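Structure below is entry_18.cif: mmCIF, C-alpha atoms.
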```
data_entry
loop_
_atom_site.label_atom_id
_atom_site.label_comp_id
_atom_site.auth_asym_id
_atom_site.auth_seq_id
_atom_site.Cartn_x
_atom_site.Cartn_y
_atom_site.Cartn_z
CA MET A 1 0.00 0.00 0.00
CA ASP A 2 1.26 3.49 -0.85
CA HIS A 3 2.14 5.76 2.02
CA VAL A 4 -0.44 8.43 2.75
CA PRO A 5 1.05 11.79 3.79
CA LEU A 6 -0.35 13.12 7.05
CA SER A 7 -0.68 16.72 8.18
CA LEU A 8 -1.01 17.63 11.85
CA ALA A 9 -1.73 21.10 13.19
CA LEU A 10 -1.33 21.79 16.92
CA GLY A 11 -2.26 24.74 19.08
CA THR A 12 -1.38 25.14 22.75
CA ALA A 13 -2.37 27.50 25.56
CA GLU A 14 -1.77 27.41 29.28
CA LYS A 15 -3.75 28.55 32.30
CA THR A 16 -1.77 31.35 33.97
CA ALA A 17 -4.35 32.80 36.31
CA VAL A 18 -7.00 31.36 38.59
CA SER A 19 -9.61 33.62 37.06
CA GLU A 20 -9.16 32.10 33.58
CA ASP A 21 -11.80 29.53 32.69
CA PHE A 22 -11.06 26.42 30.68
CA PRO A 23 -13.35 27.24 27.70
CA ALA A 24 -11.37 30.47 27.13
CA ILE A 25 -8.07 28.54 27.25
CA PHE A 26 -9.42 25.94 24.81
CA ARG A 27 -10.51 28.73 22.42
CA LYS A 28 -7.04 30.28 22.59
CA ALA A 29 -5.43 26.93 21.79
CA GLU A 30 -7.89 26.36 18.94
CA ASP A 31 -7.17 29.81 17.46
CA ARG A 32 -3.43 29.06 17.51
CA MET A 33 -4.06 25.70 15.87
CA TYR A 34 -6.01 27.29 13.02
CA ARG A 35 -3.34 29.96 12.49
CA HIS A 36 -0.74 27.20 12.25
CA LYS A 37 -2.91 25.21 9.86
CA LEU A 38 -3.44 28.28 7.65
CA ALA A 39 0.30 28.93 7.49
CA GLU A 40 0.92 25.30 6.48
CA SER A 41 -1.82 25.51 3.86
CA ARG A 42 -0.28 28.61 2.29
CA SER A 43 3.10 26.91 2.23
CA ALA A 44 1.59 23.84 0.55
CA ARG A 45 -0.14 25.99 -2.06
CA SER A 46 3.12 27.75 -2.82
CA ALA A 47 4.86 24.39 -3.21
CA VAL A 48 2.19 23.15 -5.64
CA LEU A 49 2.45 26.26 -7.83
CA SER A 50 6.25 26.12 -7.80
CA ALA A 51 6.17 22.47 -8.85
CA LEU A 52 3.77 23.19 -11.72
CA GLN A 53 5.88 26.12 -12.91
CA GLU A 54 9.07 24.05 -12.80
CA THR A 55 7.41 21.21 -14.73
CA LEU A 56 6.22 23.63 -17.41
CA ARG A 57 9.69 25.16 -17.73
CA GLU A 58 11.24 21.72 -18.16
CA LYS A 59 8.72 20.75 -20.84
CA SER A 60 8.72 23.94 -22.90
CA TRP A 61 10.80 26.92 -23.97
CA GLU A 62 9.48 28.99 -21.09
CA THR A 63 12.04 30.24 -18.57
CA LYS A 64 11.90 31.74 -15.11
CA GLU A 65 12.91 35.06 -16.66
CA HIS A 66 9.98 34.85 -19.09
CA ALA A 67 7.60 34.24 -16.19
CA GLU A 68 8.97 37.24 -14.30
CA ARG A 69 8.78 39.49 -17.37
CA VAL A 70 5.20 38.61 -18.24
CA GLU A 71 4.12 38.99 -14.62
CA ARG A 72 5.51 42.54 -14.55
CA LEU A 73 3.92 43.38 -17.91
CA ALA A 74 0.60 41.81 -16.90
CA ARG A 75 0.42 43.76 -13.65
CA ARG A 76 1.23 47.02 -15.42
CA LEU A 77 -1.43 46.47 -18.07
CA GLY A 78 -3.93 45.24 -15.47
CA GLU A 79 -3.43 48.36 -13.38
CA ALA A 80 -3.90 50.52 -16.47
CA VAL A 81 -7.32 48.99 -17.16
CA GLY A 82 -8.37 49.24 -13.51
CA LEU A 83 -8.23 45.66 -12.28
CA CYS A 84 -8.67 45.15 -8.55
CA ALA A 85 -5.88 43.59 -6.48
CA SER A 86 -7.32 40.07 -6.58
CA ASP A 87 -7.74 40.18 -10.37
CA LEU A 88 -4.18 41.49 -10.75
CA ASP A 89 -3.01 38.41 -8.85
CA ARG A 90 -5.15 36.16 -11.04
CA LEU A 91 -3.78 37.80 -14.20
CA ALA A 92 -0.18 37.36 -13.04
CA LEU A 93 -0.81 33.68 -12.26
CA LEU A 94 -2.59 33.17 -15.58
CA ASN A 95 0.34 34.60 -17.52
CA THR A 96 2.67 32.23 -15.71
CA LEU A 97 0.62 29.03 -16.07
CA HIS A 98 -1.81 29.48 -18.99
CA ASP A 99 0.13 26.84 -20.97
CA ILE A 100 0.12 24.28 -18.14
CA GLY A 101 -1.75 21.85 -20.42
CA LYS A 102 1.42 21.50 -22.49
CA ILE A 103 3.04 19.36 -19.79
CA THR A 104 1.16 16.36 -21.23
CA LEU A 105 2.45 16.86 -24.79
CA PRO A 106 5.25 14.65 -26.12
CA ASP A 107 8.67 16.32 -26.11
CA ALA A 108 9.05 15.48 -29.80
CA VAL A 109 6.04 17.69 -30.54
CA LEU A 110 6.67 20.42 -27.99
CA ARG A 111 10.31 20.94 -28.95
CA LYS A 112 10.04 20.27 -32.68
CA PRO A 113 12.10 22.94 -34.48
CA GLY A 114 10.23 22.69 -37.77
CA PRO A 115 6.58 22.91 -38.82
CA LEU A 116 4.11 20.61 -37.10
CA SER A 117 2.18 17.99 -39.02
CA PRO A 118 -1.65 18.14 -39.05
CA GLU A 119 -1.72 15.30 -36.51
CA GLU A 120 0.69 17.17 -34.24
CA TRP A 121 -1.39 20.32 -34.47
CA VAL A 122 -4.40 18.34 -33.27
CA LEU A 123 -2.44 17.40 -30.15
CA VAL A 124 -1.19 20.95 -29.55
CA ARG A 125 -4.66 22.45 -29.90
CA GLN A 126 -5.87 20.21 -27.08
CA HIS A 127 -3.65 21.87 -24.46
CA PRO A 128 -6.14 24.59 -23.36
CA GLU A 129 -8.68 21.90 -22.49
CA THR A 130 -6.03 19.80 -20.78
CA GLY A 131 -4.92 22.86 -18.83
CA TYR A 132 -8.52 23.55 -17.87
CA ARG A 133 -8.91 20.05 -16.44
CA ILE A 134 -5.63 20.38 -14.52
CA ALA A 135 -6.71 23.74 -13.12
CA ARG A 136 -10.19 22.53 -12.14
CA SER A 137 -8.67 19.66 -10.19
CA THR A 138 -6.11 21.91 -8.45
CA ASP A 139 -7.38 24.22 -5.70
CA GLU A 140 -4.53 26.63 -6.39
CA LEU A 141 -5.59 27.14 -10.05
CA ALA A 142 -9.34 26.54 -10.03
CA HIS A 143 -10.06 30.29 -9.96
CA ILE A 144 -8.34 30.78 -13.36
CA ALA A 145 -9.56 27.57 -15.04
CA GLU A 146 -11.95 29.37 -17.41
CA GLU A 147 -9.24 31.83 -18.41
CA ILE A 148 -6.79 28.98 -19.10
CA LEU A 149 -9.40 27.32 -21.30
CA ALA A 150 -9.88 30.57 -23.27
CA HIS A 151 -6.29 31.71 -23.69
CA HIS A 152 -6.18 30.73 -27.39
CA GLU A 153 -9.52 32.26 -28.33
CA ARG A 154 -9.33 35.13 -30.84
CA TRP A 155 -11.21 38.41 -30.97
CA ASP A 156 -12.70 37.55 -34.38
CA GLY A 157 -13.96 34.13 -33.23
CA SER A 158 -11.42 32.04 -35.15
CA GLY A 159 -9.60 30.74 -32.07
CA TYR A 160 -10.00 27.53 -30.13
CA PRO A 161 -11.37 25.45 -28.46
CA ARG A 162 -14.81 27.13 -28.33
CA GLU A 163 -14.49 29.83 -31.05
CA LEU A 164 -15.48 32.59 -28.65
CA ALA A 165 -15.45 36.12 -30.06
CA GLY A 166 -15.10 39.65 -28.72
CA GLU A 167 -16.04 40.27 -25.13
CA ALA A 168 -17.34 36.73 -24.76
CA ILE A 169 -13.66 35.88 -24.21
CA PRO A 170 -12.79 36.39 -20.52
CA LEU A 171 -11.09 39.74 -19.91
CA LEU A 172 -8.05 38.21 -18.23
CA SER A 173 -7.52 35.89 -21.21
CA ARG A 174 -7.61 38.88 -23.58
CA LEU A 175 -5.09 40.76 -21.45
CA SER A 176 -2.85 37.72 -21.12
CA ALA A 177 -2.79 37.15 -24.88
CA ILE A 178 -1.38 40.63 -25.50
CA VAL A 179 1.29 40.42 -22.82
CA ASP A 180 2.40 36.93 -23.81
CA ALA A 181 2.57 37.81 -27.52
CA TYR A 182 4.65 40.92 -26.85
CA ASP A 183 7.15 39.09 -24.64
CA ALA A 184 7.45 36.19 -27.09
CA MET A 185 8.17 38.57 -29.97
CA THR A 186 10.78 40.66 -28.12
CA ASN A 187 12.75 37.78 -26.57
CA HIS A 188 14.66 34.88 -28.07
CA ARG A 189 12.75 31.87 -29.33
CA PRO A 190 14.48 29.15 -31.39
CA TYR A 191 11.52 29.09 -33.77
CA ARG A 192 10.96 32.85 -34.20
CA GLU A 193 12.95 35.94 -35.12
CA THR A 194 13.34 38.42 -32.26
CA LEU A 195 11.69 41.78 -32.91
CA ARG A 196 12.56 45.22 -31.57
CA PRO A 197 9.99 46.65 -29.11
CA ASP A 198 8.66 49.08 -31.72
CA GLU A 199 8.31 46.25 -34.25
CA ALA A 200 6.49 44.09 -31.73
CA LEU A 201 4.08 46.87 -30.83
CA GLY A 202 3.41 47.39 -34.52
CA GLU A 203 2.67 43.68 -34.88
CA LEU A 204 0.24 43.85 -31.97
CA ARG A 205 -1.57 46.67 -33.74
CA ARG A 206 -1.67 44.63 -36.94
CA CYS A 207 -3.37 41.80 -35.04
CA ALA A 208 -5.82 44.10 -33.24
CA GLY A 209 -9.39 43.34 -34.22
CA THR A 210 -8.58 39.86 -35.49
CA GLN A 211 -6.50 37.98 -32.95
CA LEU A 212 -6.43 40.58 -30.15
CA ASP A 213 -8.84 42.97 -28.42
CA PRO A 214 -8.24 46.29 -30.24
CA ALA A 215 -9.04 48.55 -27.27
CA LEU A 216 -6.70 46.62 -24.98
CA VAL A 217 -3.95 46.64 -27.61
CA GLU A 218 -4.14 50.43 -27.78
CA ARG A 219 -3.96 50.62 -23.99
CA PHE A 220 -0.86 48.40 -24.04
CA VAL A 221 0.75 50.45 -26.82
CA ASP A 222 0.06 53.64 -24.87
CA LEU A 223 2.03 52.21 -21.95
CA PHE A 224 5.06 51.68 -24.19
CA ARG A 225 4.63 54.49 -26.70
CA ASP A 226 8.21 55.70 -26.24
CA ALA A 227 9.42 52.39 -27.66
CA ILE A 228 7.65 52.94 -30.98
CA SER A 229 9.83 54.47 -33.65
CA ASP A 230 8.42 56.94 -36.16
CA ARG A 231 6.74 55.10 -38.97
#
```
Would you mind writing the file out in structure tokens?
Amino acid sequence: MDHVPLSLALGTAEKTAVSEDFPAIFRKAEDRMYRHKLAESRSARSAVLSALQETLREKSWETKEHAERVERLARRLGEAVGLCASDLDRLALLNTLHDIGKITLPDAVLRKPGPLSPEEWVLVRQHPETGYRIARSTDELAHIAEEILAHHERWDGSGYPRELAGEAIPLLSRLSAIVDAYDAMTNHRPYRETLRPDEALGELRRCAGTQLDPALVERFVDLFRDAISDR
């Protein structure tokens, strides 16, 4: 039989005065126990997220530096459009783990330097749904499961897996798509030429209204307008 990991949370309190009654002491011990349990829970959640991020980095071209860059970009764009603090956290996590479904893809497909075959594309296009199932079964990611599922939808409805269009695509997914595209274009990829920031922003504008939310693209470009050369 496999070993089952156990978790034990303890809380203690002592009677220091005659006037103290036992129910009050028990409540104090219980409060300390729950604080300890909460701290352990947060640590466990952090460990789960770290493990998922490390697995994704090992399976794909994504790096720790990429994750840090997109988190900074995502927070800056999210603040510009008025996201609340909890949604900023969700957006940062989404940008880090939206491709988590790729961990189930064969290395030969995920790291293939040349064009994918039609059969390989079928496998790749399944990763949003795989990521959705992983997120739904993981307490730490359940609150961004819908956004993971929608991260390859396109503004014009030609994306996948559900062919959502326009504002039917979750807002965080639309924001994430812009940030991820910009970072991918401006940093080294073995399968893509690296673009200058002004070139990448121009490409985002070219894709506005088809692949990307045009209003959000303009907001992103406004944040980095100094990087755009005169055209």
Decode the PyMOL selection byres ((chain A and resi 134) around 12) for the given file into explicit residues and return them as an mmCIF file with C-alpha atoms, keeping the file's coordinate frame.
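Wrote it out as result37.cif, contents follow:
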```
data_model
loop_
_atom_site.group_PDB
_atom_site.id
_atom_site.type_symbol
_atom_site.label_atom_id
_atom_site.label_comp_id
_atom_site.auth_asym_id
_atom_site.auth_seq_id
_atom_site.Cartn_x
_atom_site.Cartn_y
_atom_site.Cartn_z
ATOM 1 C CA LEU A 52 3.770 23.190 -11.720
ATOM 2 C CA LEU A 97 0.620 29.030 -16.070
ATOM 3 C CA HIS A 98 -1.810 29.480 -18.990
ATOM 4 C CA ASP A 99 0.130 26.840 -20.970
ATOM 5 C CA ILE A 100 0.120 24.280 -18.140
ATOM 6 C CA GLY A 101 -1.750 21.850 -20.420
ATOM 7 C CA LYS A 102 1.420 21.500 -22.490
ATOM 8 C CA ILE A 103 3.040 19.360 -19.790
ATOM 9 C CA THR A 104 1.160 16.360 -21.230
ATOM 10 C CA HIS A 127 -3.650 21.870 -24.460
ATOM 11 C CA PRO A 128 -6.140 24.590 -23.360
ATOM 12 C CA GLU A 129 -8.680 21.900 -22.490
ATOM 13 C CA THR A 130 -6.030 19.800 -20.780
ATOM 14 C CA GLY A 131 -4.920 22.860 -18.830
ATOM 15 C CA TYR A 132 -8.520 23.550 -17.870
ATOM 16 C CA ARG A 133 -8.910 20.050 -16.440
ATOM 17 C CA ALA A 135 -6.710 23.740 -13.120
ATOM 18 C CA ARG A 136 -10.190 22.530 -12.140
ATOM 19 C CA SER A 137 -8.670 19.660 -10.190
ATOM 20 C CA THR A 138 -6.110 21.910 -8.450
ATOM 21 C CA ASP A 139 -7.380 24.220 -5.700
ATOM 22 C CA GLU A 140 -4.530 26.630 -6.390
ATOM 23 C CA LEU A 141 -5.590 27.140 -10.050
ATOM 24 C CA ALA A 142 -9.340 26.540 -10.030
ATOM 25 C CA HIS A 143 -10.060 30.290 -9.960
ATOM 26 C CA ILE A 144 -8.340 30.780 -13.360
ATOM 27 C CA ALA A 145 -9.560 27.570 -15.040
ATOM 28 C CA GLU A 146 -11.950 29.370 -17.410
ATOM 29 C CA ILE A 148 -6.790 28.980 -19.100
ATOM 30 C CA LEU A 149 -9.400 27.320 -21.300
#
```
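Between CA of Phe224 in chain A and CA of Leu204 in chain A lies a distance of 12.0 Å.
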Item to check | Top pick for closest residue to Leu93 in chain A, considering A:Asp107, A:Glu20, A:Glu147, A:Glu167 and counting only C-alpha atoms | outcome: A:Glu147
Next on the checklist: Need to verify the contact set: Ala165 in chain A, 6 Å, only C-alpha atoms, exclusion of same-chain residues closer than 2 positions in sequence. Can you return it as a ChimeraX atom specification?
Outcome noted: /A:155-157,168
Checklist entry - Which protein, DNA or RNA residues have an atom at most 9 Å from (9.8, 38.0, -33.0), counting all atoms listed in the file? List them as a list in words. => result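 Residues close enough to count: Tyr182, Asp183, Ala184, Met185, Thr186, Asn187, His188, Arg189, Arg192, Glu193, Thr194, Leu195, Arg196, Glu199 and Ala200 of chain A.
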Next on the checklist: Env of range 63-74 of chain A: 10 Å cut, atoms = all atoms listed in the file, seq-sep filter 2 positions within chain, self excluded. Answer as JSON, numbers by chain.
Outcome noted: {"A": [53, 54, 56, 57, 58, 60, 61, 76, 77, 78, 79, 80, 88, 89, 90, 91, 92, 93, 94, 95, 96, 97, 172, 175, 176, 177, 178, 179, 180, 181, 182, 183, 184, 187, 220, 223]}
Selected residues written out, C-alpha atoms, as a PDB file, keeping the file's coordinate frame:
```
ATOM      1  CA  GLN A  53       5.880  26.120 -12.910  1.00  0.00           C
ATOM      2  CA  GLU A  54       9.070  24.050 -12.800  1.00  0.00           C
ATOM      3  CA  LEU A  56       6.220  23.630 -17.410  1.00  0.00           C
ATOM      4  CA  ARG A  57       9.690  25.160 -17.730  1.00  0.00           C
ATOM      5  CA  GLU A  58      11.240  21.720 -18.160  1.00  0.00           C
ATOM      6  CA  SER A  60       8.720  23.940 -22.900  1.00  0.00           C
ATOM      7  CA  TRP A  61      10.800  26.920 -23.970  1.00  0.00           C
ATOM      8  CA  ARG A  76       1.230  47.020 -15.420  1.00  0.00           C
ATOM      9  CA  LEU A  77      -1.430  46.470 -18.070  1.00  0.00           C
ATOM     10  CA  GLY A  78      -3.930  45.240 -15.470  1.00  0.00           C
ATOM     11  CA  GLU A  79      -3.430  48.360 -13.380  1.00  0.00           C
ATOM     12  CA  ALA A  80      -3.900  50.520 -16.470  1.00  0.00           C
ATOM     13  CA  LEU A  88      -4.180  41.490 -10.750  1.00  0.00           C
ATOM     14  CA  ASP A  89      -3.010  38.410  -8.850  1.00  0.00           C
ATOM     15  CA  ARG A  90      -5.150  36.160 -11.040  1.00  0.00           C
ATOM     16  CA  LEU A  91      -3.780  37.800 -14.200  1.00  0.00           C
ATOM     17  CA  ALA A  92      -0.180  37.360 -13.040  1.00  0.00           C
ATOM     18  CA  LEU A  93      -0.810  33.680 -12.260  1.00  0.00           C
ATOM     19  CA  LEU A  94      -2.590  33.170 -15.580  1.00  0.00           C
ATOM     20  CA  ASN A  95       0.340  34.600 -17.520  1.00  0.00           C
ATOM     21  CA  THR A  96       2.670  32.230 -15.710  1.00  0.00           C
ATOM     22  CA  LEU A  97       0.620  29.030 -16.070  1.00  0.00           C
ATOM     23  CA  LEU A 172      -8.050  38.210 -18.230  1.00  0.00           C
ATOM     24  CA  LEU A 175      -5.090  40.760 -21.450  1.00  0.00           C
ATOM     25  CA  SER A 176      -2.850  37.720 -21.120  1.00  0.00           C
ATOM     26  CA  ALA A 177      -2.790  37.150 -24.880  1.00  0.00           C
ATOM     27  CA  ILE A 178      -1.380  40.630 -25.500  1.00  0.00           C
ATOM     28  CA  VAL A 179       1.290  40.420 -22.820  1.00  0.00           C
ATOM     29  CA  ASP A 180       2.400  36.930 -23.810  1.00  0.00           C
ATOM     30  CA  ALA A 181       2.570  37.810 -27.520  1.00  0.00           C
ATOM     31  CA  TYR A 182       4.650  40.920 -26.850  1.00  0.00           C
ATOM     32  CA  ASP A 183       7.150  39.090 -24.640  1.00  0.00           C
ATOM     33  CA  ALA A 184       7.450  36.190 -27.090  1.00  0.00           C
ATOM     34  CA  ASN A 187      12.750  37.780 -26.570  1.00  0.00           C
ATOM     35  CA  PHE A 220      -0.860  48.400 -24.040  1.00  0.00           C
ATOM     36  CA  LEU A 223       2.030  52.210 -21.950  1.00  0.00           C
TER      37      LEU A 223
END
```
Checklist entry - For the atom pair CA of Glu120 in chain A and CA of Gln211 in chain A, what is the interatomic distance in Å to one decimal place? => result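 Computed distance, CA of Glu120 in chain A to CA of Gln211 in chain A, equals 22.1 Å.
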Checklist entry - Which one is closest to Leu216 in chain A: A:Val81, A:Ile169, A:Val124, A:Leu164? Count all atoms listed in the file. => result A:Val81
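Shortest atom-to-atom contact with Glu30 in chain A among A:Asp213, A:Ala85, A:Val221, A:Ala13: A:Ala13, counting only C-alpha atoms.
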Checklist entry - Interatomic distance between CA of Cys84 in chain A and CA of Val217 in chain A? => result 19.7 Å
Checklist entry - Of the candidates A:Gly202, A:Gly82, A:Pro161, A:Pro170, which shows the shortest atom-to-atom distance to Glu218 in chain A, using all atoms listed in the file? => result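 Checking each candidate against Glu218 in chain A, we get A:Gly202 as the closest.
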Padding of 6 Å on every side, edges along x, y and z, all listed atoms of range 192-208 of chain A included: what centre and edge lengths in Å, to one decimal, does that box have, as AutoDock Vina command-line options?
```
--center_x 3.8 --center_y 41.0 --center_z -33.0 --size_x 31.2 --size_y 28.2 --size_z 19.8
```
Checklist entry - For Leu212 in chain A, which of A:Arg225, A:Asp198, A:Ser158, A:Arg111 is the closest residue, counting all atoms listed in the file? => result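 The shortest atom-to-atom distance to Leu212 in chain A comes from A:Ser158.
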